[in-house]
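To start, the structure under review is shown below, and the notes come after it.
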Amino acid sequence: MASIGKIYGYGKEAVGNNWDYINRRNTNRLYYIHGGKGTYILGKTEYEFIPEKLYFLPYTAEIYPKSNPENPLLHTYADFELIPPVISDRPAIFSPETDKMMYAAYRVFLEGAELHNGKSDELFFAAVKYLVYRGAEICGFTFLNDEIILDALEYMIEHISENINIGVLAKRYFMTADSFIRRFSNAVCVTPYAWLKNTRIKTARSLLNDGKTLAQTAAAVGYSDASSLLHALAGEKKQL
């Protein structure tokens, strides 16, 4: 079964008309629609969000959502890193009543996200992991199975506070930097540089939300100082 490398954020909230979907920041999202109205564009087709459905959106699935300002969407959500990642161009949409195990996990997910105090526990992790796995299975998604790239993803997450040199990382797998970058990009759909930067930004945002200082956060995610981190966060905001 897939594992959750890290959960970056979770909770329950209404979605405004200017909802800038977190997936554009290269994060997977599991969310449950409680009510309200909204649509999303996938390809060239517009679809309605369906209340009382669970959605799992792999980071490679580009959708463009819009919430109705007069009756905004209300959703419970969790943003996370999934190892191994799912590579899919569409969301998984499923009902929590599909089976008893899924319903039990869904209840833990809802209660954990609504009652959280800034720290998710092992049960919440397990619930999100099970729902994502079942959603991917139900919708026929496949998980990345390149062992070298999977090991590289886990290595970068574990050493995110360090100076990770992609050329040195490539030598870990007896590959040239160019060969490693091509293999990584083909498997994950982004370059290792982009993936690492996005992961650092996501982790930084999560730590700042938890009350860490800029200096503490910069050190934790591999930036030389608070100024460098601020510059990276500002650059990311401009791209959205």
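Ordering of the structure tokens sets the chain letters (A, B, ...); residue numbers start at 1 within each chain; ligands are numbered from 1 in the order shown.
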Using 10 Å as the limit and counting only C-alpha atoms, can you tabulate each residue of region 65-133 of chain A that touches region 26-49 of chain A, with its shortest atom-to-atom distance in Å and the two atoms involved, as a Markdown table?
| residue | atom | partner | partner_atom | distance |
| --- | --- | --- | --- | --- |
| A:Pro65 | CA | A:Tyr40 | CA | 3.9 |
| A:Lys66 | CA | A:Thr39 | CA | 5.4 |
| A:Ser67 | CA | A:Gly38 | CA | 4.2 |
| A:Asn68 | CA | A:Gly38 | CA | 5.3 |
| A:Pro69 | CA | A:Lys37 | CA | 8.7 |
| A:Glu70 | CA | A:Lys37 | CA | 8.7 |
| A:Asn71 | CA | A:Gly36 | CA | 5.1 |
| A:Pro72 | CA | A:Gly36 | CA | 5.0 |
| A:Leu73 | CA | A:Gly36 | CA | 4.1 |
| A:Leu74 | CA | A:His34 | CA | 5.4 |
| A:His75 | CA | A:Ile33 | CA | 4.6 |
| A:Thr76 | CA | A:Tyr32 | CA | 5.2 |
| A:Tyr77 | CA | A:Tyr31 | CA | 4.1 |
| A:Ala78 | CA | A:Leu30 | CA | 5.4 |
| A:Asp79 | CA | A:Arg29 | CA | 4.5 |
| A:Phe80 | CA | A:Asn28 | CA | 5.5 |
| A:Glu81 | CA | A:Asn28 | CA | 6.4 |
| A:Leu82 | CA | A:Asn28 | CA | 7.3 |
| A:Pro85 | CA | A:Asn28 | CA | 8.9 |
| A:Val86 | CA | A:Asn28 | CA | 9.1 |
| A:Asp89 | CA | A:Leu42 | CA | 8.8 |
| A:Arg90 | CA | A:Leu42 | CA | 7.5 |
| A:Pro91 | CA | A:Leu42 | CA | 9.2 |
| A:Ala92 | CA | A:Leu30 | CA | 9.3 |
| A:Ile93 | CA | A:Tyr32 | CA | 9.7 |
| A:Phe94 | CA | A:Tyr32 | CA | 9.8 |
| A:Ser95 | CA | A:Tyr32 | CA | 9.5 |
| A:Pro96 | CA | A:Tyr32 | CA | 9.3 |
| A:Tyr106 | CA | A:Tyr32 | CA | 9.0 |
| A:Phe109 | CA | A:Tyr32 | CA | 9.5 |
| A:Leu110 | CA | A:Tyr32 | CA | 8.3 |
| A:Val128 | CA | A:Leu30 | CA | 7.6 |
| A:Lys129 | CA | A:Leu30 | CA | 9.8 |
| A:Leu131 | CA | A:Leu30 | CA | 8.3 |
| A:Val132 | CA | A:Leu30 | CA | 7.2 |
Taking 5 positions as the minimum chain separation for residues in the same chain, which residues sit within 9 Å of region 232-234 of chain A when counting only C-alpha atoms? Answer as a VMD selection string.
chain A and resid 197 201 204 to 205 227 239
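CA of Tyr223 (chain A) lies 7.7 Å from CA of Ser161 (chain A).
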Determine, counting only C-alpha atoms, which protein, DNA and RNA residues have an atom within 7 Å of an atom of region 179-182 of chain A; residues of the same chain fewer than 2 positions away are not included. Present the result as a PyMOL selection string.
chain A and resi 170+175-177+184-186+191-192
Can you work out which one of A:Leu150, A:Leu230, A:Ile164, A:Ala136 has the shortest atom-to-atom distance to Pro58 (chain A), counting only C-alpha atoms?
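Among the listed residues, the smallest separation from Pro58 (chain A) belongs to A:Ala136.
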I need the residues of region 24-235 of chain A that end up classed as strand (DSSP E) by DSSP on the backbone, written out as a PyMOL selection string.
chain A and resi 28-35+38-42+45-48+54-57+63-67+73-83+92-94
According to DSSP computed on the backbone, where in chain A is there alpha helix (DSSP H)? Give the residues as a ChimeraX atom specification.
/A:100-115,122-138,147-158,166-172,177-188,192-209,214-220,226-239
From A:Cys139, A:Leu144, A:Ala61, A:Leu229, residue lying nearest Gln216 (chain A) [only C-alpha atoms]:
A:Leu229
Would you pick out the contacts of Val108 (chain A) at 7 Å or less, using only C-alpha atoms, so that residues sharing its chain but fewer than 3 positions from it are not included, and give the list as a count of residues only?
6
